[in-house]
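Have a look at the structure below before the remarks.
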Amino acid sequence: MDFLAQVDPRVNFWATQPGSVEMWLKILVGLVISAGAIFALIKMPTRGRRPVVMAFTFLCGLFYVLLWIWPSPLNRKPDEIARSPAEGVSFLLADTLPIVATITNILVAILLGLGVYSLIRLHGGRIIKRHADRGFSVVLLVSMLTITVFGYLDWGMRTFGDKEGKLLDIANWGFVNLGADLLFDGLLQQMDSAMFSMIAFFILSAAYRAFRIRSVESTVLMASALILMVSLLSAVVVVWNGNVTNLAAAMNVPLANPSIGEAGALNFLKISNIASWVTSFLQTPALRAVDFGIGLGALAMGLRLWLGLEKGGVSV
Amino acid sequence: MTPEKPTFFEKIQNVDKRILYLILIVLTTIPLFPMFSSIVLPNEPAPHSQAFYYQLMSVPEGKTVFIQSDWTLSTRGENAGHIESLLRTVMSKKLKFAIYTVADPQAPGVYRKYIQSVNAERKRAGMKEYKQWEDYVDLSYFPNAEGTLNAIGSDVRKIFNKRVKDPASGKDRLVFESPVLKDVVKVGDVGLYVVITASNSFDRTVERLSDKTKVVVMCTGVIGPSTLPFFQSGQIKGASIGLKGAVDVEYMMKYGLNYPDSTGKIKVPWSGKEELKADPVVEGMTIARGSLYFMSFHAAIALLILAVTVGNIGMFMARRKKA
């Protein structure tokens with residue numbers, strides 16, 4: 001493992017000069033090795049795959065478990081040498097972490113590629129087999145191909161062909177740059193926004209038809225929802241709170257008692273304070289309890305996966 | 001036998017949804033017309049927004065902040081106001097920043113647009129434009145949030161082992177040679193760590209970095225409640241939640257926090273923290289997108305309350321009549 005710990009941002013075996021022939025060669029070799037490993041895994045009988053996957057899962061999990069339970073180095077100097085084996089392990093874990101993170105970043109990127117491959121395979125198959133809904137598949141694949149081509153051309157022009165940064169100015173954009181912008185910002189992102197904004201209509205319609213006071217629970221839910229919704233309307237809040245302040249002045253009751261750092265009873269009539277009480281004393285503890293439950297569940301699930309007890313996780 | 005005619009109360013329980021949709025469209029669109037854009041609704045910033053603004057304004061000039069921008073345009077109604085007010089404040093305070101995402105491959109394309117638009121706005125106003133390498137670095141996308149954030153906490157110099165173009169030499173250089181990151185050895189060296197998000201990506205940040213640096217959050221209203229336990233426990237130092245949060249920040253950018261105006265009146269007092277003060281933003285726009293959308297937001301929430309109330313009144317009255 002020591003070879004990973006030696007990696008630093010400068011040029012070395014693991015980090016060559018960007019754009020160099022050596023870098024592209026290493027990428028190629030890496031791809032061939034990865035493809036070979038995946039191919040070998042596919043060709044391996046199912047009984048053989050299971051221990052391989054379990055071993056990798058255990059090793060990867062062990063790294064993060066060790067990182068979590070092993071004492072971390074504090075105020076470590078760049079050239080500091082470990083004074084004990086325990087400290088050596090903590091140094092090694094800390095040094096290896098960024099490299100492991102980079103590897104996981106690459107793995108996730110590969111998963112993205114795997115997703116693209118899966119989409120092409122599925123929808124390509126539908127088109128070839130003349131499936132009834134093949135029109136949608138054609139639209140999907142054509143859209144994906146178009147945005148990919150324009151995206152890469154635009155990226156290439158900006159990265160390799162624009163040394164002076166001229167393309168930062170829209171006036172210098174050509175067909176490719178305008179096309180990429182239209183596809184990403186003009187279409188994809190706007191459709192994303194449109195999809196999300198539709199939720200407003202569904203919320204309104206659902207609230208109107210279904211949010212009815214039929215039980216004690218729904219009454220409590222509605223009361224707290226109304227308080228929180230009104231507390232978001234700042235124009236209403238300012239007027240309401242102003243009236244409470246005026247009422248306190250008229251009754252000659254202090255809104256707050258600075259000597260003991262406490263608010264007066266009338267202060268609680270302010271809508272912002274009622275909402276704050278609801279969020280602080282009702283909502284937040286409930287959320288914390290839910291988070292705690294989720295955390296315990298995730299821990300149990302994580303342990304099962306790590307130790308290979310979860311059959312579904314390794315049934316490749 | 002002819003069917004019984006529905007009563008008024010039965011009718012108001014069953015208004016056609018298309019009519020509801022039309023009312024919503026009209027009510028939320030009209031406030032966006034230019035004649036209403038100058039109207040600024042009165043506001044009382046929430047305590048977590050006040051804490052957010054105080055933390056941001058407390059970062060010393062010239063210091064670097066990290067911005068983890070994990071949102072795309074689907075939530076632009078809220079997050080666009082967040083990023084714009086953040087960038088305006090950061091640029092006004094002459095802070096440097098490193099920006100990246102750990103959540104969504106589309107996010108870099110989105111935040112770049114907003115950096116460009118705020119820069120263009122500064123150019124039009126005759127202010128200094130922010131330049132990549134000198135004033136900020138764009139570190140783009142890190143696909144694995146957990147691993148990346150762990151590594152940022154452990155050794156930020158190794159995980160941000162990226163190169164960006166140095167305009168002076170025209171060459172790609174390591175980001176830690178840039179004026180933005182040259183003094184950052186560990187994540188604790190940054191002035192503030194801001195997460196702008198539409199999802200629970202801030203959870204992972206809080207879990208891994210909140211004990212190493214000051215984390216603040218700008219998030220959508222939907223996930224806002226889940227930030228509050230972290231704010232209460234002190235794991236995040238401030239939160240700008242939803243559109244209201246964006247408006248709060250803009251409001252404090254204009255009026256400051258515990259900041260007396262020329263007449264000595266404090267427009268935004270921070271209850272219980274009277275000794276802490278944050279100045280208003282001195283240059284560029286303050287009241288902007290968040291406030292522009294705020295009237296539409298008021299209209300939508302008011303309609304929602306009205307719809308629920310009308311539906312329930314109708315149900316009660318109809319039941320009473322039947323009984």
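Naming scheme: A, B, ... for chains in displayed order of the structure tokens; residues 1 onward per chain; ligands 1 onward as shown.
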
Which residues, written as a list of chain:residue names, have at least one atom at most 8 Å from Ser291 (chain B), with only C-alpha atoms counted and residues fewer than 2 positions away on the same chain left out? B:Val40, B:Leu41, B:Ala246, B:Val247, B:Glu250, B:Ile287, B:Ala288, B:Arg289, B:Tyr293, B:Phe294, B:Met295

Residue subset to file, keeping C-alpha atoms, as a JSON list (two decimals), in the first residue's frame:
```json
[["chain", "number", "residue", "atom", "x", "y", "z"],
["B", 40, "VAL", "CA", -39.86, 45.19, -2.05],
["B", 41, "LEU", "CA", -42.01, 43.44, 0.51],
["B", 246, "ALA", "CA", -32.66, 34.03, -0.56],
["B", 247, "VAL", "CA", -34.86, 37.05, 0.19],
["B", 250, "GLU", "CA", -30.74, 39.98, -0.13],
["B", 287, "ILE", "CA", -32.29, 43.29, -3.77],
["B", 288, "ALA", "CA", -32.59, 41.08, -6.85],
["B", 289, "ARG", "CA", -33.95, 37.75, -8.01],
["B", 293, "TYR", "CA", -39.95, 36.10, -7.03],
["B", 294, "PHE", "CA", -41.14, 36.78, -3.48],
["B", 295, "MET", "CA", -44.46, 38.33, -4.44]]
```

From region 96-321 of chain B, collect each residue whose DSSP state is alpha helix (DSSP H) and return the set as an MDAnalysis selection string. chainID B and resid 107:124 145:159 201:209 224:233 242:255 289:321

Distance-based interface of chain A with chain B, 7 Å, counting only C-alpha atoms, as a PyMOL selection string: chain A and resi 8-9+94+97-98+101-102+104-105+108-109+163+189+192-193+196+201+204-205+207-209+211-213+229+232-235+238+284+287-288

Could you pull the residues within 9 Å of region 63-79 of chain A, counting only C-alpha atoms, minus those fewer than 6 positions along the same chain, as a list in words? Ala86, Glu87, Val89, Ser90, Phe91, Leu93, Ala94 and Leu97 of chain A

For Thr286 (chain B), which residue out of B:Ser233, B:Ala318, B:Leu87, B:Ser140 is the nearest one, using only C-alpha atoms? B:Leu87

Could you check how far CA of Met252 (chain B) sits from CA of Tyr54 (chain B), in Å to one decimal?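 Result for CA of Met252 (chain B) versus CA of Tyr54 (chain B): 9.4 Å, one decimal.
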
Find the residues around Glu275 (chain B) up to 12 Å (only C-alpha atoms counted), leave out those fewer than 2 positions away in its own chain, and share them as a VMD selection string. chain B and resid 54 257 to 259 269 to 273 277 to 278

Mind writing the picked residues with C-alpha atoms as an mmCIF file, in the first residue's frame?
```cif
data_model
loop_
_atom_site.group_PDB
_atom_site.id
_atom_site.type_symbol
_atom_site.label_atom_id
_atom_site.label_comp_id
_atom_site.auth_asym_id
_atom_site.auth_seq_id
_atom_site.Cartn_x
_atom_site.Cartn_y
_atom_site.Cartn_z
ATOM 1 C CA TYR B 54 -23.134 37.006 9.745
ATOM 2 C CA LEU B 257 -27.519 42.959 10.365
ATOM 3 C CA ASN B 258 -27.758 44.874 13.642
ATOM 4 C CA TYR B 259 -26.558 47.724 11.481
ATOM 5 C CA PRO B 269 -32.086 43.398 14.518
ATOM 6 C CA TRP B 270 -30.668 40.035 15.567
ATOM 7 C CA SER B 271 -32.629 39.105 18.627
ATOM 8 C CA GLY B 272 -30.407 37.910 21.467
ATOM 9 C CA LYS B 273 -27.204 38.635 19.534
ATOM 10 C CA LYS B 277 -22.955 43.151 13.588
ATOM 11 C CA ALA B 278 -22.689 42.627 9.834
#
```

Any idea what's packed within 12 Å of Leu192 (chain B), counting only C-alpha atoms, ignoring anything in its chain fewer than 3 positions away? Could you give it as a PDB file with N, CA and C atoms, in the first residue's frame?
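File produced: selection30.pdb:
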```
ATOM      1  N   PHE B  52     -26.341  32.861   8.893  1.00  0.00           N
ATOM      2  CA  PHE B  52     -25.654  32.642   7.615  1.00  0.00           C
ATOM      3  C   PHE B  52     -24.977  33.922   7.150  1.00  0.00           C
ATOM      4  N   TYR B  53     -25.736  35.010   7.153  1.00  0.00           N
ATOM      5  CA  TYR B  53     -25.197  36.285   6.654  1.00  0.00           C
ATOM      6  C   TYR B  53     -24.042  36.769   7.535  1.00  0.00           C
ATOM      7  N   TYR B  54     -24.193  36.568   8.826  1.00  0.00           N
ATOM      8  CA  TYR B  54     -23.134  37.006   9.745  1.00  0.00           C
ATOM      9  C   TYR B  54     -21.833  36.242   9.444  1.00  0.00           C
ATOM     10  N   GLN B  55     -21.966  34.930   9.259  1.00  0.00           N
ATOM     11  CA  GLN B  55     -20.771  34.118   8.972  1.00  0.00           C
ATOM     12  C   GLN B  55     -20.111  34.555   7.670  1.00  0.00           C
ATOM     13  N   LEU B  56     -20.941  34.816   6.663  1.00  0.00           N
ATOM     14  CA  LEU B  56     -20.403  35.210   5.360  1.00  0.00           C
ATOM     15  C   LEU B  56     -19.688  36.559   5.454  1.00  0.00           C
ATOM     16  N   MET B  57     -20.302  37.482   6.162  1.00  0.00           N
ATOM     17  CA  MET B  57     -19.717  38.817   6.253  1.00  0.00           C
ATOM     18  C   MET B  57     -18.524  38.862   7.208  1.00  0.00           C
ATOM     19  N   SER B  58     -18.363  37.798   8.014  1.00  0.00           N
ATOM     20  CA  SER B  58     -17.234  37.769   8.955  1.00  0.00           C
ATOM     21  C   SER B  58     -15.944  37.258   8.320  1.00  0.00           C
ATOM     22  N   VAL B  59     -16.030  36.729   7.102  1.00  0.00           N
ATOM     23  CA  VAL B  59     -14.816  36.213   6.452  1.00  0.00           C
ATOM     24  C   VAL B  59     -13.926  37.407   6.085  1.00  0.00           C
ATOM     25  N   PRO B  60     -12.676  37.397   6.510  1.00  0.00           N
ATOM     26  CA  PRO B  60     -11.808  38.545   6.212  1.00  0.00           C
ATOM     27  C   PRO B  60     -11.553  38.710   4.715  1.00  0.00           C
ATOM     28  N   LYS B  63      -9.628  36.380   1.787  1.00  0.00           N
ATOM     29  CA  LYS B  63      -9.633  34.965   2.175  1.00  0.00           C
ATOM     30  C   LYS B  63     -10.397  34.131   1.131  1.00  0.00           C
ATOM     31  N   THR B  64     -10.154  32.844   1.119  1.00  0.00           N
ATOM     32  CA  THR B  64     -10.816  31.959   0.149  1.00  0.00           C
ATOM     33  C   THR B  64     -12.012  31.256   0.797  1.00  0.00           C
ATOM     34  N   VAL B  65     -13.110  31.157   0.043  1.00  0.00           N
ATOM     35  CA  VAL B  65     -14.231  30.331   0.497  1.00  0.00           C
ATOM     36  C   VAL B  65     -14.422  29.185  -0.502  1.00  0.00           C
ATOM     37  N   PHE B  66     -14.874  28.062   0.000  1.00  0.00           N
ATOM     38  CA  PHE B  66     -15.208  26.923  -0.863  1.00  0.00           C
ATOM     39  C   PHE B  66     -16.713  26.953  -1.109  1.00  0.00           C
ATOM     40  N   ILE B  67     -17.112  26.808  -2.372  1.00  0.00           N
ATOM     41  CA  ILE B  67     -18.537  26.750  -2.698  1.00  0.00           C
ATOM     42  C   ILE B  67     -18.826  25.394  -3.343  1.00  0.00           C
ATOM     43  N   GLN B  68     -19.631  24.608  -2.664  1.00  0.00           N
ATOM     44  CA  GLN B  68     -20.048  23.306  -3.207  1.00  0.00           C
ATOM     45  C   GLN B  68     -21.448  23.514  -3.792  1.00  0.00           C
ATOM     46  N   LEU B  86     -24.960  35.068  -3.086  1.00  0.00           N
ATOM     47  CA  LEU B  86     -23.671  34.641  -2.532  1.00  0.00           C
ATOM     48  C   LEU B  86     -22.511  35.213  -3.354  1.00  0.00           C
ATOM     49  N   VAL B  90     -19.661  37.743  -2.104  1.00  0.00           N
ATOM     50  CA  VAL B  90     -18.265  37.295  -2.150  1.00  0.00           C
ATOM     51  C   VAL B  90     -17.426  38.266  -2.983  1.00  0.00           C
ATOM     52  N   LEU B  95     -13.528  38.458  -1.760  1.00  0.00           N
ATOM     53  CA  LEU B  95     -13.092  37.133  -1.325  1.00  0.00           C
ATOM     54  C   LEU B  95     -12.753  36.313  -2.562  1.00  0.00           C
ATOM     55  N   LYS B  96     -11.880  35.355  -2.411  1.00  0.00           N
ATOM     56  CA  LYS B  96     -11.594  34.435  -3.507  1.00  0.00           C
ATOM     57  C   LYS B  96     -12.444  33.181  -3.274  1.00  0.00           C
ATOM     58  N   PHE B  97     -12.712  32.449  -4.345  1.00  0.00           N
ATOM     59  CA  PHE B  97     -13.488  31.229  -4.117  1.00  0.00           C
ATOM     60  C   PHE B  97     -13.106  30.091  -5.051  1.00  0.00           C
ATOM     61  N   ALA B  98     -13.269  28.870  -4.531  1.00  0.00           N
ATOM     62  CA  ALA B  98     -13.122  27.653  -5.337  1.00  0.00           C
ATOM     63  C   ALA B  98     -14.504  27.040  -5.405  1.00  0.00           C
ATOM     64  N   VAL B 187      -8.571  22.010   4.823  1.00  0.00           N
ATOM     65  CA  VAL B 187      -9.884  22.626   4.610  1.00  0.00           C
ATOM     66  C   VAL B 187     -10.212  23.660   5.700  1.00  0.00           C
ATOM     67  N   GLY B 188      -9.590  23.517   6.854  1.00  0.00           N
ATOM     68  CA  GLY B 188      -9.793  24.488   7.934  1.00  0.00           C
ATOM     69  C   GLY B 188      -9.222  25.860   7.611  1.00  0.00           C
ATOM     70  N   ASP B 189      -8.379  25.945   6.580  1.00  0.00           N
ATOM     71  CA  ASP B 189      -7.791  27.243   6.220  1.00  0.00           C
ATOM     72  C   ASP B 189      -8.749  28.131   5.435  1.00  0.00           C
ATOM     73  N   VAL B 195     -22.430  25.324   1.082  1.00  0.00           N
ATOM     74  CA  VAL B 195     -23.063  24.286   0.260  1.00  0.00           C
ATOM     75  C   VAL B 195     -24.358  24.872  -0.302  1.00  0.00           C
ATOM     76  N   LEU B 209     -17.235  17.156   7.229  1.00  0.00           N
ATOM     77  CA  LEU B 209     -16.417  18.373   7.306  1.00  0.00           C
ATOM     78  C   LEU B 209     -16.801  19.346   8.417  1.00  0.00           C
ATOM     79  N   SER B 210     -17.950  19.125   9.062  1.00  0.00           N
ATOM     80  CA  SER B 210     -18.405  20.157   9.995  1.00  0.00           C
ATOM     81  C   SER B 210     -17.484  20.313  11.200  1.00  0.00           C
ATOM     82  N   LYS B 212     -14.255  20.241  10.864  1.00  0.00           N
ATOM     83  CA  LYS B 212     -12.956  20.690  10.343  1.00  0.00           C
ATOM     84  C   LYS B 212     -12.982  22.117   9.826  1.00  0.00           C
ATOM     85  N   THR B 213     -14.178  22.596   9.477  1.00  0.00           N
ATOM     86  CA  THR B 213     -14.301  23.965   8.967  1.00  0.00           C
ATOM     87  C   THR B 213     -15.710  24.480   9.250  1.00  0.00           C
ATOM     88  N   LYS B 214     -15.910  25.774   9.003  1.00  0.00           N
ATOM     89  CA  LYS B 214     -17.250  26.345   9.224  1.00  0.00           C
ATOM     90  C   LYS B 214     -18.113  26.069   8.000  1.00  0.00           C
ATOM     91  N   VAL B 215     -19.185  25.301   8.197  1.00  0.00           N
ATOM     92  CA  VAL B 215     -20.068  24.956   7.080  1.00  0.00           C
ATOM     93  C   VAL B 215     -21.366  25.750   7.194  1.00  0.00           C
ATOM     94  N   VAL B 216     -21.780  26.364   6.091  1.00  0.00           N
ATOM     95  CA  VAL B 216     -23.108  26.993   6.023  1.00  0.00           C
ATOM     96  C   VAL B 216     -23.830  26.443   4.790  1.00  0.00           C
ATOM     97  N   VAL B 217     -25.154  26.526   4.815  1.00  0.00           N
ATOM     98  CA  VAL B 217     -25.944  25.876   3.761  1.00  0.00           C
ATOM     99  C   VAL B 217     -26.924  26.853   3.130  1.00  0.00           C
ATOM    100  N   ILE B 236     -23.807  23.131  11.543  1.00  0.00           N
ATOM    101  CA  ILE B 236     -23.732  24.156  10.499  1.00  0.00           C
ATOM    102  C   ILE B 236     -23.936  25.503  11.183  1.00  0.00           C
ATOM    103  N   LYS B 237     -23.250  26.503  10.653  1.00  0.00           N
ATOM    104  CA  LYS B 237     -23.236  27.797  11.352  1.00  0.00           C
ATOM    105  C   LYS B 237     -24.327  28.745  10.864  1.00  0.00           C
ATOM    106  N   GLY B 238     -24.995  28.374   9.793  1.00  0.00           N
ATOM    107  CA  GLY B 238     -26.072  29.208   9.284  1.00  0.00           C
ATOM    108  C   GLY B 238     -26.742  28.518   8.127  1.00  0.00           C
TER     109      GLY B 238
END
```

Can you tell me which residues surround region 43-57 of chain A at a distance of at most 12 Å, considering only C-alpha atoms, apart from same-chain residues fewer than 2 positions away, and format the answer as JSON, numbers by chain? {"A": [36, 37, 38, 39, 40, 41, 59, 60, 61, 62, 63, 64, 65, 302, 303, 304, 305, 306, 307, 308, 309, 310, 311, 312, 313, 314, 315, 316]}

Could you take the residues named above and write them with C-alpha atoms, as a CSV table (one decimal), in the first residue's frame?
```
chain,number,residue,atom,x,y,z
A,36,GLY,CA,-9.9,-7.6,-19.3
A,37,ALA,CA,-10.9,-7.7,-15.6
A,38,ILE,CA,-14.5,-7.1,-16.4
A,39,PHE,CA,-14.5,-9.7,-19.1
A,40,ALA,CA,-12.8,-12.2,-16.8
A,41,LEU,CA,-15.4,-11.5,-14.1
A,59,LEU,CA,-11.3,-4.7,1.6
A,60,CYS,CA,-12.9,-1.5,0.4
A,61,GLY,CA,-15.2,-1.4,3.5
A,62,LEU,CA,-12.3,-2.2,5.8
A,63,PHE,CA,-10.4,0.8,4.6
A,64,TYR,CA,-13.2,3.2,5.5
A,65,VAL,CA,-13.9,1.4,8.8
A,302,GLY,CA,-23.8,-1.5,5.7
A,303,LEU,CA,-22.5,-4.2,8.1
A,304,ARG,CA,-24.4,-6.9,6.3
A,305,LEU,CA,-23.1,-5.7,2.9
A,306,TRP,CA,-19.5,-5.4,4.2
A,307,LEU,CA,-19.4,-8.8,5.8
A,308,GLY,CA,-21.1,-10.5,2.8
A,309,LEU,CA,-24.2,-11.4,4.8
A,310,GLU,CA,-26.5,-9.6,2.3
A,311,LYS,CA,-27.1,-12.2,-0.4
A,312,GLY,CA,-28.7,-9.7,-2.8
A,313,GLY,CA,-25.7,-7.4,-2.8
A,314,VAL,CA,-23.3,-10.0,-4.2
A,315,SER,CA,-25.5,-12.1,-6.4
A,316,VAL,CA,-23.8,-11.0,-9.6
```

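CA of Val149 (chain A) sits 20.1 Å away from CA of Ile170 (chain A).
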
Fewer than 3 positions away in the same chain doesn't count, so skip those; otherwise give me all residues within 12 Å of Gly19 (chain A), counting only C-alpha atoms, as a VMD selection string. (chain A and resid 15 to 16 22 to 27 159 to 160) or (chain B and resid 163 171 to 172)

With N, CA and C atoms retained, write the just-selected residues as an mmCIF file, in the first residue's frame.
```cif
data_model
loop_
_atom_site.group_PDB
_atom_site.id
_atom_site.type_symbol
_atom_site.label_atom_id
_atom_site.label_comp_id
_atom_site.auth_asym_id
_atom_site.auth_seq_id
_atom_site.Cartn_x
_atom_site.Cartn_y
_atom_site.Cartn_z
ATOM 1 N N ALA A 15 0.754 10.257 -11.677
ATOM 2 C CA ALA A 15 0.228 11.551 -12.152
ATOM 3 C C ALA A 15 1.193 12.134 -13.184
ATOM 4 N N THR A 16 0.964 11.785 -14.440
ATOM 5 C CA THR A 16 1.872 12.256 -15.491
ATOM 6 C C THR A 16 1.442 13.628 -16.005
ATOM 7 N N GLU A 22 2.530 9.874 -22.886
ATOM 8 C CA GLU A 22 2.619 8.909 -21.780
ATOM 9 C C GLU A 22 1.266 8.781 -21.073
ATOM 10 N N MET A 23 0.610 9.931 -20.880
ATOM 11 C CA MET A 23 -0.672 9.906 -20.177
ATOM 12 C C MET A 23 -1.711 9.119 -20.972
ATOM 13 N N TRP A 24 -1.797 9.422 -22.288
ATOM 14 C CA TRP A 24 -2.775 8.715 -23.129
ATOM 15 C C TRP A 24 -2.473 7.226 -23.185
ATOM 16 N N LEU A 25 -1.171 6.890 -23.217
ATOM 17 C CA LEU A 25 -0.768 5.485 -23.234
ATOM 18 C C LEU A 25 -1.210 4.778 -21.949
ATOM 19 N N LYS A 26 -1.024 5.483 -20.830
ATOM 20 C CA LYS A 26 -1.408 4.893 -19.541
ATOM 21 C C LYS A 26 -2.928 4.721 -19.455
ATOM 22 N N ILE A 27 -3.642 5.701 -20.008
ATOM 23 C CA ILE A 27 -5.113 5.590 -20.024
ATOM 24 C C ILE A 27 -5.521 4.359 -20.829
ATOM 25 N N THR A 159 -11.241 23.788 -24.727
ATOM 26 C CA THR A 159 -10.062 23.268 -24.033
ATOM 27 C C THR A 159 -8.800 23.356 -24.881
ATOM 28 N N PHE A 160 -8.915 22.966 -26.159
ATOM 29 C CA PHE A 160 -7.696 22.891 -26.980
ATOM 30 C C PHE A 160 -7.555 24.040 -27.984
ATOM 31 N N ARG B 163 -5.835 20.878 -12.718
ATOM 32 C CA ARG B 163 -5.144 21.980 -13.377
ATOM 33 C C ARG B 163 -6.166 22.891 -14.031
ATOM 34 N N LYS B 171 -0.929 28.479 -19.911
ATOM 35 C CA LYS B 171 -0.723 27.046 -19.657
ATOM 36 C C LYS B 171 -1.635 26.558 -18.539
ATOM 37 N N ASP B 172 -1.867 25.243 -18.543
ATOM 38 C CA ASP B 172 -2.620 24.652 -17.442
ATOM 39 C C ASP B 172 -1.673 24.453 -16.260
#
```

If you run DSSP on this backbone, which residues of region 71-291 of chain B come out as strand (DSSP E or B), and could you give them as a ChimeraX atom specification? /B:96-101,132,136-141,163-166,171-174,192-197,215-219,238-241,257,260,266,278

In Å, how far is it from CA of Thr263 (chain B) to CA of Asp279 (chain B)?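 Distance reported for this atom pair: 15.6 Å.
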